[in-house]
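All remarks here apply to the structure that follows.
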Amino acid sequence: MSRRLPIIHQITDEESGPFQRQHLDLEFSNGERRRFERLVTRGHGAVVVVPMLDDETVLLVREYAAGMHRYELGLVKGRIDAGETPEQAADRELKEEAGYGARRVDVLRAMTLAPTYMSHQSWLVVARDLYPERLVGDEPEELEVVPWKLADLDQLMLREDFSEGRSLAALFIAREWLGRKE
C-alpha cells in the first residue's frame, strides 16, 4: 500500500550535541495530527567495514563502548569526513582501528539505526585484499583485532560482548554477498 507522506506544519529545532533534535507537527492523510521528534545527523554519515583477511576470515575489533560501559566486539566503523567517499572513509577507518589498508573496497548499501526517529545512515563496506598499514586515529587506546571465521557467525551472534546491531546485520549481509560472488 502506498501512502501520501504526512504534511509537516511546523519544525522546531533544538541543539543536542552531534545531532539536531527536531519537533515535527504532522498531519496524516486521515486528518490525524501528531507531534513527532527526530534526531537529524550532522555530518556526512558513517561506515561499517567488513574487513576480510582472507575468503573465510573477517577482522573484528574490541573497543570500549561508553553507552554500555564495557568492551564490545564489533566491526571497524566511523564517521565519513567532509570530502570523503564511503570507500575512502572505510579504508581510513580500517587503517586507524585495525592497522590494515584495503586494495578492494565495495560499498554494499546504506543501513539505518532507528529510522523512525533518526536520520543517521551508515554505509556497509566490504574491504578485501588487505595489507598492513596503520594510521593514527582518535581512539584513546589501541584496539584489539580479533580474526573470526564467517562460518562461525552463529557462535558470534550469541556472544554477550557482540551486541551492536549494525555489526551483526553487516556480517550477515556481507556473508550472503560474498557467497554469491564466488
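Ordered as shown in the C-alpha cells, chains take letters A, B, and onward, while each chain numbers its residues from 1 and ligands are numbered from 1 in the order shown.
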
Within 8 Å of Gly101 (chain A) using only C-alpha atoms, minus same-chain residues under 2 positions, as a ChimeraX atom specification: /A:91-92,94-95,99,103,130-134

Residues flagged strand (DSSP E or B) by DSSP in region 30-177 of chain A, as an NGL selection string: :A and (33-41 or 46-52 or 57-65 or 70-74 or 76-79 or 100-112 or 118 or 121-132 or 144-149)

Cut-off 12 Å: closest region 71-109 of chain A/region 151-162 of chain A atom pairs per residue, using only C-alpha atoms, as a tab-separated table:
residue	atom	partner	partner_atom	distance
A:Tyr71	CA	A:Asp161	CA	7.0
A:Glu72	CA	A:Asp161	CA	4.9
A:Leu73	CA	A:Phe162	CA	5.0
A:Gly74	CA	A:Phe162	CA	6.2
A:Leu75	CA	A:Phe162	CA	9.7

Write the residues of the selection above to a file with N, CA and C atoms, as a PDB file, in the first residue's frame.
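As a result, out.pdb now contains:
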ATOM      1  N   TYR A  71      33.613  -3.427  27.224  1.00  0.00           N
ATOM      2  CA  TYR A  71      34.308  -3.643  25.957  1.00  0.00           C
ATOM      3  C   TYR A  71      33.415  -4.491  25.061  1.00  0.00           C
ATOM      4  N   GLU A  72      33.274  -4.062  23.821  1.00  0.00           N
ATOM      5  CA  GLU A  72      32.432  -4.724  22.832  1.00  0.00           C
ATOM      6  C   GLU A  72      33.264  -5.194  21.657  1.00  0.00           C
ATOM      7  N   LEU A  73      32.899  -6.329  21.139  1.00  0.00           N
ATOM      8  CA  LEU A  73      33.476  -6.855  19.914  1.00  0.00           C
ATOM      9  C   LEU A  73      32.572  -6.404  18.773  1.00  0.00           C
ATOM     10  N   GLY A  74      33.158  -5.901  17.692  1.00  0.00           N
ATOM     11  CA  GLY A  74      32.344  -5.446  16.568  1.00  0.00           C
ATOM     12  C   GLY A  74      33.203  -5.196  15.346  1.00  0.00           C
ATOM     13  N   LEU A  75      32.606  -4.591  14.361  1.00  0.00           N
ATOM     14  CA  LEU A  75      33.313  -4.270  13.132  1.00  0.00           C
ATOM     15  C   LEU A  75      33.980  -2.908  13.231  1.00  0.00           C
TER      16      LEU A  75
END

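Once region 51-57 of chain A and its same-chain neighbours fewer than 6 positions away are set aside, Leu75, Val76, Ala90, Asp91, Leu94, Ala98, Tyr100, Gly101, Ala102, Val105, Val125, Val126, Ala127, Arg128, Asp129, Leu130, Tyr131, Val146, Pro147, Trp148, Lys149, Leu150, Ala151, Asp152, Ala174, Arg175, Leu178, Gly179 and Glu182 of chain A remain within 10 Å of it when counting only C-alpha atoms.
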
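The closest residue to Lys77 (chain A), picked from A:Pro6, A:Pro140, A:Gly45, A:Gly17 and counting only C-alpha atoms, is A:Gly45.
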
DSSP-assigned alpha helix (DSSP H) among region 19-170 of chain A, expressed as a PyMOL selection string: chain A and resi 86-97+153-156+165-170

Within 8 Å of Ala170 (chain A), counting only C-alpha atoms, which residues qualify if same-chain residues fewer than 4 places away don't, as a PDB file with N, CA, C and O atoms, in the first residue's frame?
ATOM      1  N   VAL A  48      30.463   1.186   8.154  1.00  0.00           N
ATOM      2  CA  VAL A  48      30.637  -0.050   8.910  1.00  0.00           C
ATOM      3  C   VAL A  48      31.399  -0.954   7.958  1.00  0.00           C
ATOM      4  O   VAL A  48      30.914  -1.261   6.872  1.00  0.00           O
ATOM      5  N   VAL A  50      33.454  -4.387   6.824  1.00  0.00           N
ATOM      6  CA  VAL A  50      33.663  -5.828   6.980  1.00  0.00           C
ATOM      7  C   VAL A  50      35.013  -6.131   6.332  1.00  0.00           C
ATOM      8  O   VAL A  50      35.098  -6.341   5.130  1.00  0.00           O
ATOM      9  N   LEU A 124      27.514   0.216   4.534  1.00  0.00           N
ATOM     10  CA  LEU A 124      28.124  -1.097   4.705  1.00  0.00           C
ATOM     11  C   LEU A 124      29.156  -1.287   3.603  1.00  0.00           C
ATOM     12  O   LEU A 124      28.827  -1.211   2.421  1.00  0.00           O
ATOM     13  N   ARG A 166      24.292  -2.995  14.030  1.00  0.00           N
ATOM     14  CA  ARG A 166      24.886  -2.737  12.717  1.00  0.00           C
ATOM     15  C   ARG A 166      25.931  -3.792  12.378  1.00  0.00           C
ATOM     16  O   ARG A 166      25.981  -4.272  11.242  1.00  0.00           O
ATOM     17  N   ALA A 174      27.026  -9.201   4.374  1.00  0.00           N
ATOM     18  CA  ALA A 174      28.306  -9.396   3.685  1.00  0.00           C
ATOM     19  C   ALA A 174      28.546 -10.877   3.388  1.00  0.00           C
ATOM     20  O   ALA A 174      29.011 -11.229   2.306  1.00  0.00           O
TER      21      ALA A 174
END

Using only C-alpha atoms, determine which residues lie at most 10 Å from Ala114 (chain A), disregarding the query and same-chain residues fewer than 4 positions distant; provide the list as a PDB file with N, CA, C and O atoms, in the first residue's frame.
ATOM      1  N   ARG A  38      12.547  13.807  16.087  1.00  0.00           N
ATOM      2  CA  ARG A  38      13.569  13.067  15.354  1.00  0.00           C
ATOM      3  C   ARG A  38      14.926  13.707  15.617  1.00  0.00           C
ATOM      4  O   ARG A  38      15.022  14.887  15.939  1.00  0.00           O
ATOM      5  N   LEU A  39      15.958  12.892  15.483  1.00  0.00           N
ATOM      6  CA  LEU A  39      17.336  13.364  15.569  1.00  0.00           C
ATOM      7  C   LEU A  39      17.882  13.416  14.147  1.00  0.00           C
ATOM      8  O   LEU A  39      17.854  12.420  13.431  1.00  0.00           O
ATOM      9  N   MET A 118      15.507   8.703  13.740  1.00  0.00           N
ATOM     10  CA  MET A 118      16.873   9.167  13.471  1.00  0.00           C
ATOM     11  C   MET A 118      17.145   9.169  11.982  1.00  0.00           C
ATOM     12  O   MET A 118      16.755   8.246  11.277  1.00  0.00           O
ATOM     13  N   SER A 119      17.882  10.187  11.515  1.00  0.00           N
ATOM     14  CA  SER A 119      18.212  10.257  10.093  1.00  0.00           C
ATOM     15  C   SER A 119      19.574   9.640   9.774  1.00  0.00           C
ATOM     16  O   SER A 119      19.955   9.583   8.623  1.00  0.00           O
ATOM     17  N   HIS A 120      20.296   9.184  10.769  1.00  0.00           N
ATOM     18  CA  HIS A 120      21.660   8.681  10.586  1.00  0.00           C
ATOM     19  C   HIS A 120      21.709   7.464   9.661  1.00  0.00           C
ATOM     20  O   HIS A 120      20.901   6.551   9.783  1.00  0.00           O
ATOM     21  N   GLN A 121      22.693   7.481   8.731  1.00  0.00           N
ATOM     22  CA  GLN A 121      22.941   6.337   7.853  1.00  0.00           C
ATOM     23  C   GLN A 121      24.391   5.893   7.974  1.00  0.00           C
ATOM     24  O   GLN A 121      25.282   6.720   8.093  1.00  0.00           O
TER      25      GLN A 121
END

Polymer residues at most 12 Å from region 19-31 of chain A, only C-alpha atoms, same-chain spacing of 3 or more positions, as a count of residues only: 31

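Counting only C-alpha atoms, the residue from A:Glu141, A:Ser163, A:Glu84, A:Arg109 that sits nearest to Trp177 (chain A) is A:Arg109.
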
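Here CA of Arg79 (chain A) and CA of Glu96 (chain A) stand 12.1 Å from one another.
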
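CA of Leu143 (chain A) sits 8.7 Å away from CA of Tyr64 (chain A).
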